[in-house]
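Undergrad: final-v6.txt is reproduced in full below (compact mmCIF, C-alpha atoms).
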# COMPACT_ATOMS: atom_id res chain seq x y z
CA MET E 1 9.30 -133.93 -12.70
CA ASP E 2 8.07 -136.73 -10.38
CA ILE E 3 8.33 -136.66 -6.60
CA TYR E 4 11.53 -138.76 -6.49
CA SER E 5 13.31 -136.52 -8.96
CA ARG E 6 12.18 -133.48 -7.00
CA LEU E 7 13.47 -134.95 -3.73
CA ALA E 8 16.81 -135.67 -5.42
CA VAL E 9 17.05 -132.04 -6.58
CA TRP E 10 16.20 -130.81 -3.08
CA GLN E 11 18.89 -133.05 -1.59
CA GLN E 12 21.46 -131.83 -4.09
CA LEU E 13 20.52 -128.21 -3.39
CA ALA E 14 20.80 -128.80 0.37
CA GLU E 15 24.26 -130.31 -0.03
CA SER E 16 25.64 -127.81 -2.56
CA CYS E 17 24.03 -124.62 -1.25
CA GLY E 18 22.56 -125.16 2.21
CA ALA E 19 25.55 -126.64 3.99
CA SER E 20 28.06 -124.20 2.48
CA THR E 21 25.81 -121.21 3.18
CA VAL E 22 25.41 -122.08 6.87
CA GLN E 23 29.13 -122.83 7.20
CA GLN E 24 30.17 -119.54 5.61
CA GLY E 25 27.63 -117.62 7.68
CA LEU E 26 28.93 -119.04 10.94
CA GLN E 27 32.54 -118.48 9.92
CA GLN E 28 31.82 -114.81 9.36
CA ILE E 29 29.98 -114.11 12.61
CA TRP E 30 31.34 -116.42 15.34
CA ARG E 31 34.10 -113.97 16.34
CA LEU E 32 31.59 -111.10 16.45
CA LEU E 33 29.38 -113.18 18.74
CA LEU E 34 32.37 -113.91 20.97
CA LEU E 35 33.19 -110.19 21.19
CA CYS E 36 29.57 -109.42 22.12
CA LEU E 37 29.73 -112.02 24.88
CA ILE E 38 33.05 -110.62 26.17
CA CYS E 39 31.57 -107.13 26.21
CA ARG E 40 28.52 -108.39 28.11
CA LEU E 41 30.68 -110.11 30.74
CA CYS E 42 32.87 -107.03 31.16
CA PHE E 43 29.79 -104.85 31.63
CA ARG E 44 28.59 -107.34 34.24
CA LEU E 45 31.87 -107.66 36.14
CA GLY E 46 33.22 -104.12 35.87
CA ASP E 47 32.46 -101.39 38.38
CA VAL E 48 34.11 -98.34 36.82
CA SER E 49 32.10 -96.77 33.98
CA ILE E 50 35.17 -95.52 32.10
CA VAL E 51 36.43 -99.11 31.91
CA LYS E 52 33.08 -100.29 30.51
CA HIS E 53 33.10 -97.59 27.84
CA ALA E 54 36.69 -98.47 26.96
CA VAL E 55 35.72 -102.12 26.57
CA SER E 56 32.82 -101.09 24.33
CA VAL E 57 35.15 -99.00 22.17
CA LEU E 58 37.86 -101.65 21.89
CA THR E 59 35.52 -104.55 21.12
CA GLY E 60 33.63 -102.37 18.63
CA MET E 61 36.85 -101.35 16.88
CA TYR E 62 38.07 -104.93 16.70
CA SER E 63 34.75 -106.12 15.26
CA LEU E 64 35.01 -103.41 12.60
CA PHE E 65 38.54 -104.57 11.81
CA LEU E 66 37.36 -108.19 11.45
CA PHE E 67 34.82 -107.19 8.82
CA PHE E 68 36.45 -104.21 7.08
CA GLU E 69 40.17 -104.40 8.01
CA LEU E 70 41.83 -100.98 7.69
CA HIS E 71 38.79 -99.53 5.93
CA MET E 72 37.34 -99.34 9.45
CA LEU E 73 39.28 -96.08 9.77
CA TRP E 74 36.55 -94.35 7.75
CA VAL E 75 33.98 -95.36 10.39
CA LEU E 76 36.30 -94.18 13.18
CA LEU E 77 36.86 -90.89 11.36
CA LEU E 78 33.12 -90.28 11.17
CA SER E 79 32.76 -91.09 14.88
CA VAL E 80 35.49 -88.65 15.91
CA LEU E 81 34.17 -85.98 13.54
CA CYS E 82 30.69 -86.26 15.08
CA TYR E 83 32.02 -85.79 18.60
CA LEU E 84 34.16 -82.80 17.59
CA VAL E 85 31.10 -81.17 16.02
CA LEU E 86 29.09 -81.77 19.19
CA VAL E 87 31.84 -80.29 21.34
CA LEU E 88 32.25 -77.20 19.14
CA SER E 89 28.48 -76.63 19.01
CA ARG E 90 27.78 -77.45 22.67
CA HIS E 91 26.28 -74.00 23.33
CA SER E 92 23.99 -74.15 20.28
CA SER E 93 20.33 -75.13 20.39
CA SER E 94 20.42 -76.55 16.84
CA ARG E 95 23.05 -79.25 17.26
CA GLY E 96 20.86 -81.88 15.62
CA LEU E 97 20.39 -79.93 12.41
CA PHE E 98 24.01 -78.76 12.27
CA LEU E 99 25.43 -82.25 12.84
CA SER E 100 23.03 -83.69 10.24
CA VAL E 101 24.41 -81.30 7.62
CA ILE E 102 28.04 -82.15 8.51
CA ILE E 103 27.33 -85.88 8.33
CA LEU E 104 25.54 -85.45 5.01
CA ILE E 105 28.56 -83.61 3.58
CA TYR E 106 30.88 -86.34 4.86
CA LEU E 107 28.77 -89.11 3.33
CA LEU E 108 28.45 -87.26 0.02
CA ILE E 109 32.22 -86.82 -0.16
CA GLY E 110 32.58 -90.57 0.36
CA GLU E 111 29.96 -91.29 -2.28
CA TRP E 112 31.81 -89.10 -4.77
CA HIS E 113 34.51 -91.75 -5.08
CA LEU E 114 36.83 -90.54 -2.31
CA ILE E 115 37.47 -94.26 -1.92
CA ASP E 116 36.53 -97.06 -4.30
CA MET E 117 32.85 -97.92 -4.56
CA VAL E 118 33.19 -101.54 -3.42
CA THR E 119 34.88 -100.52 -0.16
CA TRP E 120 32.43 -97.69 0.51
CA HIS E 121 29.51 -100.01 -0.17
CA LYS E 122 30.85 -102.52 2.39
CA ILE E 123 31.22 -99.98 5.21
CA ARG E 124 28.02 -98.06 4.35
CA GLY E 125 25.92 -99.95 6.89
CA SER E 126 28.25 -99.17 9.78
CA GLN E 127 28.54 -95.56 8.64
CA MET E 128 24.75 -95.32 8.68
CA VAL E 129 24.46 -96.76 12.20
CA VAL E 130 27.09 -94.33 13.55
CA ALA E 131 25.41 -91.40 11.80
CA MET E 132 21.97 -92.31 13.16
CA LYS E 133 23.29 -92.64 16.71
CA ALA E 134 25.14 -89.32 16.57
CA ILE E 135 22.19 -87.44 15.06
CA SER E 136 19.71 -88.87 17.59
CA LEU E 137 22.02 -87.90 20.45
CA ALA E 138 22.36 -84.37 19.07
CA PHE E 139 18.58 -83.92 18.82
CA ASP E 140 18.11 -85.42 22.29
CA LEU E 141 20.61 -82.88 23.64
CA ASP E 142 18.65 -80.08 21.96
CA ARG E 143 15.40 -81.33 23.48
CA GLY E 144 16.84 -81.93 26.92
CA ALA E 145 16.18 -85.69 26.77
CA VAL E 146 19.91 -86.11 27.43
CA GLY E 147 21.06 -83.69 30.13
CA SER E 148 24.63 -82.97 29.07
CA LEU E 149 27.15 -83.85 26.40
CA PRO E 150 28.62 -87.29 27.16
CA SER E 151 32.35 -87.67 27.64
CA ALA E 152 34.45 -88.81 24.70
CA ALA E 153 34.62 -92.34 26.16
CA GLU E 154 30.83 -92.48 26.61
CA PHE E 155 30.17 -91.18 23.12
CA LEU E 156 32.62 -93.51 21.37
CA GLY E 157 31.42 -96.43 23.49
CA TYR E 158 27.89 -95.66 22.33
CA VAL E 159 28.49 -95.23 18.59
CA LEU E 160 31.00 -98.13 18.43
CA PHE E 161 29.03 -100.47 20.70
CA VAL E 162 29.98 -103.95 19.50
CA GLY E 163 26.42 -105.28 19.57
CA THR E 164 25.24 -102.80 16.94
CA VAL E 165 28.18 -101.23 15.09
CA VAL E 166 28.48 -103.83 12.31
CA PHE E 167 24.92 -104.94 11.55
CA GLY E 168 22.90 -102.46 13.61
CA PRO E 169 20.31 -101.82 14.84
CA TRP E 170 20.12 -98.20 15.93
CA ILE E 171 19.70 -97.90 19.69
CA SER E 172 19.25 -94.75 21.75
CA PHE E 173 21.92 -93.40 24.09
CA ALA E 174 19.68 -94.34 27.03
CA SER E 175 19.56 -97.96 25.82
CA TYR E 176 23.35 -98.05 25.64
CA LYS E 177 23.63 -96.64 29.17
CA ASN E 178 21.24 -99.34 30.39
CA ALA E 179 23.42 -101.96 28.70
CA THR E 180 26.54 -100.73 30.47
CA GLU E 181 24.77 -100.87 33.83
CA SER E 182 24.11 -104.53 32.95
CA ARG E 183 21.44 -106.88 34.19
CA GLN E 184 22.28 -110.29 35.52
CA LEU E 185 22.92 -113.19 33.19
CA SER E 186 19.88 -115.39 32.72
CA TRP E 187 18.55 -118.22 30.60
CA LEU E 188 15.98 -115.86 29.13
CA TRP E 189 18.77 -113.56 27.87
CA LEU E 190 20.67 -116.47 26.33
CA GLN E 191 17.53 -118.02 24.89
CA SER E 192 16.28 -114.76 23.34
CA SER E 193 19.60 -113.97 21.65
CA SER E 194 20.02 -117.59 20.49
CA VAL E 195 16.53 -117.70 18.95
CA SER E 196 17.22 -114.50 17.00
CA LEU E 197 20.55 -115.89 15.78
CA LEU E 198 18.85 -119.12 14.70
CA LYS E 199 16.18 -117.14 12.83
CA SER E 200 18.95 -115.22 11.05
CA GLN E 201 20.53 -118.43 9.76
CA ILE E 202 17.16 -119.75 8.55
CA CYS E 203 16.54 -116.49 6.70
CA LEU E 204 20.00 -116.70 5.14
CA LEU E 205 19.20 -120.20 3.88
CA VAL E 206 15.89 -119.05 2.39
CA SER E 207 17.54 -116.05 0.73
CA ALA E 208 20.42 -118.00 -0.82
CA CYS E 209 19.04 -121.49 -1.43
CA ILE E 210 15.24 -121.39 -1.64
CA ALA E 211 13.99 -118.02 -2.94
CA PRO E 212 16.14 -118.00 -6.15
CA TYR E 213 14.71 -121.43 -7.09
CA LEU E 214 11.20 -120.93 -5.69
CA PHE E 215 9.24 -121.47 -8.91
CA LEU E 216 11.87 -123.58 -10.61
CA VAL E 217 12.22 -126.30 -7.97
CA PHE E 218 9.93 -125.84 -4.97
CA ILE E 219 6.65 -124.54 -6.46
CA PRO E 220 6.77 -125.44 -10.16
CA ILE E 221 4.69 -122.82 -11.97
CA HIS E 222 5.10 -122.09 -15.64
CA GLY E 223 3.40 -119.62 -17.92
CA ASN E 224 3.87 -117.22 -20.78
CA THR E 225 6.59 -114.60 -21.10
CA VAL E 226 4.77 -112.02 -19.00
CA THR E 227 4.05 -114.51 -16.21
CA GLU E 228 7.66 -115.69 -16.19
CA LYS E 229 8.89 -112.10 -15.76
CA TRP E 230 6.66 -111.54 -12.73
CA LEU E 231 7.55 -114.90 -11.19
CA HIS E 232 11.25 -114.10 -11.56
CA ALA E 233 10.65 -110.65 -10.10
CA TYR E 234 8.90 -112.23 -7.11
CA GLU E 235 11.85 -114.60 -6.58
CA ASN E 236 14.25 -111.66 -6.60
CA ALA E 237 12.07 -109.73 -4.18
CA VAL E 238 11.72 -112.63 -1.72
CA SER E 239 15.47 -113.32 -1.84
CA PHE E 240 16.16 -109.65 -1.09
CA HIS E 241 13.55 -109.61 1.69
CA PHE E 242 15.07 -112.60 3.45
CA SER E 243 18.58 -111.18 3.18
CA ASN E 244 17.21 -108.17 5.07
CA TYR E 245 15.56 -110.47 7.64
CA PHE E 246 18.91 -112.23 8.05
CA VAL E 247 20.62 -108.96 8.94
CA GLY E 248 17.68 -107.87 11.10
CA HIS E 249 17.53 -111.03 13.19
CA LEU E 250 21.32 -111.15 13.39
CA SER E 251 21.36 -107.60 14.75
CA GLU E 252 18.71 -108.60 17.30
CA GLY E 253 20.94 -111.45 18.44
CA THR E 254 24.17 -109.45 18.64
CA SER E 255 22.59 -106.49 20.46
CA MET E 256 20.97 -108.75 23.07
CA LEU E 257 24.08 -110.88 23.42
CA ALA E 258 26.07 -107.71 24.19
CA GLY E 259 23.52 -106.65 26.81
CA ALA E 260 21.22 -104.21 25.00
CA GLY E 261 17.60 -104.55 23.92
CA PHE E 262 15.59 -105.27 27.03
CA THR E 263 12.63 -103.71 28.81
CA GLU E 264 12.18 -103.72 32.55
CA GLU E 265 8.84 -103.87 34.31
CA LYS E 266 9.18 -103.81 38.09
CA ASP E 267 11.58 -106.70 38.73
CA ASN E 268 10.77 -108.40 35.44
CA ILE E 269 13.29 -108.12 32.59
CA ARG E 270 12.22 -109.00 29.06
CA TRP E 271 14.79 -109.39 26.30
CA ASP E 272 12.48 -108.36 23.51
CA VAL E 273 14.35 -106.25 20.95
CA SER E 274 12.56 -106.48 17.60
CA VAL E 275 14.14 -105.31 14.34
CA VAL E 276 12.09 -107.02 11.63
CA LYS E 277 8.65 -108.64 11.35
CA PRO E 278 8.82 -110.87 8.25
CA LEU E 279 5.18 -111.95 8.29
CA GLN E 280 3.95 -108.34 8.17
CA VAL E 281 6.14 -107.78 5.12
CA GLU E 282 5.40 -110.97 3.20
CA VAL E 283 1.66 -110.91 3.95
CA PRO E 284 1.13 -107.21 4.64
CA ARG E 285 -2.03 -105.34 5.53
CA SER E 286 -0.61 -102.30 3.76
CA MET E 287 2.59 -100.78 2.41
CA VAL E 288 2.62 -98.55 5.49
CA MET E 289 2.93 -101.68 7.64
CA VAL E 290 5.67 -102.98 5.33
CA VAL E 291 7.73 -99.83 5.84
CA THR E 292 7.43 -99.91 9.63
CA SER E 293 8.08 -103.68 9.85
CA TRP E 294 11.05 -103.70 7.46
CA ASN E 295 13.40 -102.11 10.00
CA ILE E 296 11.57 -101.17 13.19
CA PRO E 297 14.37 -99.19 14.91
CA MET E 298 15.13 -97.20 11.77
CA SER E 299 11.44 -96.51 11.21
CA ARG E 300 11.24 -95.23 14.78
CA TRP E 301 14.35 -93.10 14.25
CA LEU E 302 13.02 -91.57 11.04
CA LYS E 303 9.67 -90.81 12.65
CA THR E 304 11.19 -89.28 15.81
CA TYR E 305 14.06 -87.26 14.39
CA ILE E 306 13.08 -86.52 10.77
CA PHE E 307 9.32 -86.72 10.25
CA LYS E 308 8.32 -84.91 13.45
CA ASN E 309 10.78 -82.10 12.68
CA ALA E 310 9.51 -81.81 9.10
CA ILE E 311 5.75 -82.13 9.78
CA LYS E 312 5.40 -78.34 9.93
CA LEU E 313 5.96 -78.41 6.16
CA GLY E 314 2.80 -80.49 5.71
CA THR E 315 2.19 -84.25 5.68
CA PHE E 316 3.22 -85.04 2.12
CA PRO E 317 6.36 -82.82 2.15
CA ALA E 318 7.31 -84.36 5.52
CA ILE E 319 6.97 -87.85 4.02
CA LEU E 320 9.19 -86.86 1.08
CA VAL E 321 11.78 -85.35 3.44
CA THR E 322 11.74 -88.53 5.54
CA TYR E 323 12.23 -90.85 2.58
CA THR E 324 14.87 -88.54 1.12
CA ALA E 325 16.77 -88.64 4.42
CA SER E 326 16.53 -92.43 4.39
CA ALA E 327 17.81 -92.53 0.81
CA LEU E 328 20.77 -90.26 1.65
CA LEU E 329 21.69 -92.39 4.67
CA HIS E 330 21.61 -95.50 2.49
CA GLY E 331 23.92 -93.80 -0.01
CA LEU E 332 23.74 -92.16 -3.41
CA SER E 333 22.51 -95.30 -5.15
CA PHE E 334 20.02 -94.66 -7.91
CA HIS E 335 18.19 -97.94 -7.29
CA LEU E 336 17.81 -97.35 -3.54
CA GLY E 337 16.78 -93.74 -4.07
CA ALA E 338 14.26 -94.80 -6.70
CA VAL E 339 12.81 -97.50 -4.46
CA LEU E 340 12.60 -95.29 -1.36
CA LEU E 341 11.07 -92.32 -3.14
CA SER E 342 8.62 -94.65 -4.90
CA LEU E 343 7.75 -96.04 -1.47
CA GLY E 344 7.07 -92.51 -0.29
CA PHE E 345 4.50 -91.94 -3.04
CA ILE E 346 2.99 -95.42 -2.67
CA THR E 347 2.51 -95.19 1.10
CA TYR E 348 1.08 -91.67 0.93
CA VAL E 349 -1.45 -92.51 -1.81
CA GLU E 350 -2.43 -95.73 -0.07
CA HIS E 351 -2.84 -93.95 3.28
CA VAL E 352 -5.04 -91.12 2.01
CA LEU E 353 -7.12 -93.44 -0.22
CA ARG E 354 -7.85 -95.92 2.57
CA LYS E 355 -8.54 -93.09 5.00
CA ARG E 356 -11.09 -91.67 2.56
CA LEU E 357 -12.71 -95.08 1.97
CA ALA E 358 -12.88 -95.68 5.73
CA SER E 359 -14.64 -92.34 6.13
CA ILE E 360 -17.12 -92.91 3.27
CA PHE E 361 -18.13 -96.45 4.29
CA SER E 362 -17.43 -96.14 8.04
CA ALA E 363 -15.35 -99.30 7.78
CA CYS E 364 -12.09 -100.59 9.26
CA VAL E 365 -10.08 -100.39 6.05
CA LEU E 366 -7.33 -98.01 7.21
CA SER E 367 -3.68 -98.73 6.51
CA ARG E 368 -3.20 -99.70 10.14
CA PRO E 369 -5.56 -101.99 12.07
CA CYS E 370 -8.22 -100.11 14.01
CA SER E 371 -8.32 -100.26 17.79
CA SER E 372 -11.10 -102.28 19.40
CA GLY E 373 -13.01 -99.13 20.36
CA CYS E 374 -12.96 -97.39 16.97
CA SER E 375 -16.05 -95.51 15.78
CA HIS E 376 -16.44 -97.38 12.48
CA GLN E 377 -19.77 -99.16 12.01
CA HIS E 378 -18.40 -101.96 9.83
CA LYS E 379 -15.55 -103.91 11.36
CA LYS E 380 -15.42 -107.58 10.43
CA GLU E 381 -18.02 -107.94 7.70
CA PHE E 382 -17.07 -110.07 4.71
CA TRP E 383 -16.80 -107.11 2.34
CA VAL E 384 -14.54 -105.25 4.79
CA MET E 385 -12.17 -108.23 4.94
CA LEU E 386 -12.34 -108.46 1.14
CA VAL E 387 -11.30 -104.81 0.73
CA ASN E 388 -8.40 -105.31 3.11
CA LEU E 389 -7.42 -108.48 1.22
CA VAL E 390 -7.38 -106.54 -2.05
CA PHE E 391 -4.98 -104.03 -0.52
CA THR E 392 -2.86 -106.93 0.76
CA PHE E 393 -2.49 -108.32 -2.75
CA LEU E 394 -1.82 -104.80 -4.02
CA ALA E 395 0.99 -104.43 -1.48
CA ILE E 396 2.51 -107.77 -2.54
CA PHE E 397 2.30 -106.56 -6.15
CA HIS E 398 4.18 -103.35 -5.25
CA LEU E 399 6.80 -105.30 -3.27
CA THR E 400 7.38 -107.65 -6.20
CA TYR E 401 7.82 -104.73 -8.55
CA LEU E 402 10.13 -102.75 -6.25
CA GLY E 403 12.21 -105.80 -5.39
CA SER E 404 12.56 -107.02 -8.96
CA MET E 405 15.88 -105.23 -9.45
CA PHE E 406 17.65 -106.94 -6.53
CA ASP E 407 18.88 -109.97 -8.43
CA PRO E 408 21.08 -112.16 -6.17
CA LYS E 409 22.86 -113.52 -9.25
CA ASP E 410 24.31 -110.09 -10.12
CA ASP E 411 27.24 -110.27 -7.68
CA ASP E 412 29.23 -107.45 -9.27
CA ASP E 413 26.26 -105.09 -9.21
CA VAL E 414 25.53 -105.95 -5.58
CA GLU E 415 29.09 -105.08 -4.51
CA GLU E 416 29.34 -101.84 -6.48
CA GLY E 417 25.71 -100.77 -6.37
CA TYR E 418 23.23 -101.15 -9.21
CA ALA E 419 23.55 -98.72 -12.10
CA ALA E 420 20.61 -96.51 -13.06
CA ILE E 421 20.17 -98.37 -16.34
CA HIS E 422 19.68 -101.62 -14.39
CA THR E 423 16.75 -100.16 -12.44
CA ILE E 424 15.17 -98.61 -15.51
CA GLN E 425 15.56 -101.83 -17.49
CA ARG E 426 13.98 -104.02 -14.78
CA TRP E 427 11.01 -101.71 -14.27
CA SER E 428 10.61 -101.29 -18.05
CA GLU E 429 10.37 -105.08 -18.40
CA LEU E 430 7.42 -104.91 -15.99
CA ASN E 431 5.93 -101.98 -17.95
CA TRP E 432 6.25 -99.57 -14.99
CA ALA E 433 3.16 -101.32 -13.66
CA SER E 434 3.44 -100.28 -10.02
CA HIS E 435 3.85 -96.60 -10.85
CA TRP E 436 0.83 -96.71 -13.16
CA VAL E 437 -1.26 -98.39 -10.44
CA VAL E 438 -0.22 -95.72 -7.90
CA LEU E 439 -1.19 -93.00 -10.36
CA ALA E 440 -4.58 -94.68 -10.93
CA CYS E 441 -5.15 -94.93 -7.16
CA TRP E 442 -4.29 -91.25 -6.72
CA VAL E 443 -6.70 -90.25 -9.52
CA PHE E 444 -9.41 -92.39 -7.92
CA TYR E 445 -8.74 -90.76 -4.56
CA ARG E 446 -9.06 -87.28 -6.09
CA LEU E 447 -12.35 -88.25 -7.72
CA ILE E 448 -13.92 -89.42 -4.44
CA GLN E 449 -12.40 -86.71 -2.27
Once more with this new file: its structure as structure tokens, please.
TA:
Amino acid sequence: MDIYSRLAVWQQLAESCGASTVQQGLQQIWRLLLLCLICRLCFRLGDVSIVKHAVSVLTGMYSLFLFFELHMLWVLLLSVLCYLVLVLSRHSSSRGLFLSVIILIYLLIGEWHLIDMVTWHKIRGSQMVVAMKAISLAFDLDRGAVGSLPSAAEFLGYVLFVGTVVFGPWISFASYKNATESRQLSWLWLQSSSVSLLKSQICLLVSACIAPYLFLVFIPIHGNTVTEKWLHAYENAVSFHFSNYFVGHLSEGTSMLAGAGFTEEKDNIRWDVSVVKPLQVEVPRSMVMVVTSWNIPMSRWLKTYIFKNAIKLGTFPAILVTYTASALLHGLSFHLGAVLLSLGFITYVEHVLRKRLASIFSACVLSRPCSSGCSHQHKKEFWVMLVNLVFTFLAIFHLTYLGSMFDPKDDDDVEEGYAAIHTIQRWSELNWASHWVVLACWVFYRLIQ
């Protein structure tokens, strides 16, 4: 295909896919953005806290209705159930654990076809955000980080906060309280939220119109049957990645637009909420960095409220508990459970192997970048950079393998959740390569331990 033919294909793709994708994206979110702005203005103009919480509840409920219609009642039911549990257990010192069990039971009942799978899959994200907020508040109450149980208006305003209830991200109760107190409107606030919203639309375009045709149209690479399988798997993975970046950047924009997601230093206010870091996922130093950069608030939540409570079981059991909790929050989907538990094994083996190599060679080859004052003798030598580059390519290999099942062309499977046979078939086509590599790395680690 010559350059003119390629340009013609690009133009056709832009007209048929790009324009419609942007138009549909804006049609879906413009009312949510308007509600976030209304909430922000009410927080700014109002003086009575109960009024601000009521505005947060009402705008949050209406945003849920816009996206889920009457199915929003399931999200409201979970919110009310969480507050009732907190009220009934207000004299307990284990509210976090107790509420976690109740929420798990509620989610499992929903997963067991209490309502149809398509509907449950649509509201799963909002259910997860509400559950994470309620659980974090319960643990903060146990630890004394939050002094007393919030009123019903405060609690519902927090869990149904319009800036986060549809697309996330998780924010702490303290962050919500700061949002209601409201900082003055500024160009920096508007610019920060607008940039995140623009990034979200770019990521949506890449996910829908570029990634699925990456090696067919944009970077023409052809090979044998095995090569074609891996190229297609990489396209699926990149498309899935950018759909996550779309949601992540969109959630950054909505949370900031509604008044949350800032840090204050003296009289300086920075609107700097960060949910995803695409570059650290697409060109990762390690799978550990991928996990933390994929959804930064959720990673922080899992570390604070799950991992630290489970660490007394040991590092590896705590990692398994953390990834299991993440899988349960995401729903009883075989493909998500398989990916998350595989991630648990991959990150653990990579972490211990690189830690051992760093100790043997006194080199900066850990999963995370070393600080400037680390004790390693070898920091930026060529062979050190080469080792880190090998692990980068290994991480990209794992991401391609894990993301191979998320085919954007399988619309029915996306809506209802991928069946177990779909996951097994996709990984079988790639000869279970990632799992075999992880096993080989673990054996190598045991040999040099």
Undergrad: Considering only C-alpha atoms, state which residue in the set E:Val9, E:Leu386, E:Leu34, E:Cys82 is at the smallest distance from Ser63 (chain E).
TA: E:Leu34
Undergrad: Identify which of the residues E:Phe361, E:Trp74, E:Tyr323, E:Trp294 lies closest to Glu381 (chain E), counting only C-alpha atoms when measuring atom-to-atom distances.
TA: E:Phe361
Undergrad: To one decimal place, how far is CA of Val206 (chain E) from CA of Asn244 (chain E) in Å?
TA: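 If I compute the distance from CA of Val206 (chain E) to CA of Asn244 (chain E), I get 11.3 Å.
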Undergrad: Which value, in Å to one decimal, gives the distance between CA of Leu97 (chain E) and CA of Gly125 (chain E)?
TA: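 If I compute the distance from CA of Leu97 (chain E) to CA of Gly125 (chain E), I get 21.5 Å.
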Undergrad: Could you check how far CA of Gly25 (chain E) sits from CA of Leu205 (chain E), in Å to one decimal?
TA: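 Separation of CA of Gly25 (chain E) and CA of Leu205 (chain E): 9.6 Å.
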Undergrad: Looking at E:Arg300, E:Tyr401, E:Leu33, E:Phe68, which one is nearest to Glu235 (chain E), with distances taken over only C-alpha atoms?
TA: E:Tyr401
Undergrad: Given the choices E:Pro150, E:Gly46, E:Pro369, E:Gly110, which gets closest to Pro284 (chain E) if the distance is worked out from all atoms listed in the file?
TA: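 Counting all atoms listed in the file, the residue closest to Pro284 (chain E) is E:Pro369.
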Undergrad: Within 8 Å of region 388-394 of chain E, counting all atoms listed in the file, which residues show up once you throw out same-chain ones fewer than 2 positions away? Write them as a list in words, please.
TA: Val283, Pro284, Arg285, Ser286, Val365, Val384, Met385, Leu386, Ile396, Phe397 and His398 of chain E
Undergrad: Residues near Pro169 (chain E), anyone? I mean within 8 Å using all atoms listed in the file, not counting same-chain ones fewer than 3 positions away, as an MDAnalysis selection string.
TA: chainID E and resid 129 164:165 248 251:252 255 275 297:298
Undergrad: Given the choices E:Ala327, E:Val349, E:Leu70, E:Met132, which gets closest to Ile171 (chain E) if the distance is worked out from all atoms listed in the file?
TA: E:Met132
Undergrad: Could you work out an axis-aligned bounding box for all listed atoms of region 192-207 of chain E, with 5 Å added on each of the six sides, and give its centre and edge lengths in Å to one decimal, as AutoDock Vina command-line options?
TA:
--center_x 18.2 --center_y -117.1 --center_z 12.0 --size_x 14.7 --size_y 16.2 --size_z 32.6
Undergrad: What's the 9 Å shell around region 78-80 of chain E, counting all atoms listed in the file, without same-chain residues fewer than 4 positions away, as a VMD selection string?
TA: chain E and resid 73 to 74 84 to 85 103 106 127 130 to 131 134 152 155 to 156 159 to 160
Undergrad: Check the smallest atom-to-atom distance from each of E:Leu279, E:Val438, E:Val55, E:Cys203 to Gly344 (chain E) using all atoms listed in the file, then report the winner.
TA: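 Once distances to Gly344 (chain E) are computed over all atoms listed in the file, the minimum belongs to E:Val438.
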Undergrad: May I have the protein, DNA and RNA residues with an atom at most 12 Å from (17.3, -75.1, 22.8), counting all atoms listed in the file in the file's coordinates, returned as a PyMOL selection string?
TA: chain E and resi 89-97+138-145+147
Undergrad: I'd like the contact shell of Ser359 (chain E) - 12 Å cut-off, only C-alpha atoms, skipping same-chain residues fewer than 3 positions apart - returned as a PyMOL selection string.
TA: chain E and resi 352-356+362-366+375-378+448-449
Undergrad: With C-alpha atoms retained, could you export that selection as a PDB file, keeping the file's coordinate frame?
TA:
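Saved to out-v3.pdb:
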ATOM      1  CA  VAL E 352      -5.040 -91.120   2.010  1.00  0.00           C
ATOM      2  CA  LEU E 353      -7.120 -93.440  -0.220  1.00  0.00           C
ATOM      3  CA  ARG E 354      -7.850 -95.920   2.570  1.00  0.00           C
ATOM      4  CA  LYS E 355      -8.540 -93.090   5.000  1.00  0.00           C
ATOM      5  CA  ARG E 356     -11.090 -91.670   2.560  1.00  0.00           C
ATOM      6  CA  SER E 362     -17.430 -96.140   8.040  1.00  0.00           C
ATOM      7  CA  ALA E 363     -15.350 -99.300   7.780  1.00  0.00           C
ATOM      8  CA  CYS E 364     -12.090-100.590   9.260  1.00  0.00           C
ATOM      9  CA  VAL E 365     -10.080-100.390   6.050  1.00  0.00           C
ATOM     10  CA  LEU E 366      -7.330 -98.010   7.210  1.00  0.00           C
ATOM     11  CA  SER E 375     -16.050 -95.510  15.780  1.00  0.00           C
ATOM     12  CA  HIS E 376     -16.440 -97.380  12.480  1.00  0.00           C
ATOM     13  CA  GLN E 377     -19.770 -99.160  12.010  1.00  0.00           C
ATOM     14  CA  HIS E 378     -18.400-101.960   9.830  1.00  0.00           C
ATOM     15  CA  ILE E 448     -13.920 -89.420  -4.440  1.00  0.00           C
ATOM     16  CA  GLN E 449     -12.400 -86.710  -2.270  1.00  0.00           C
TER      17      GLN E 449
END
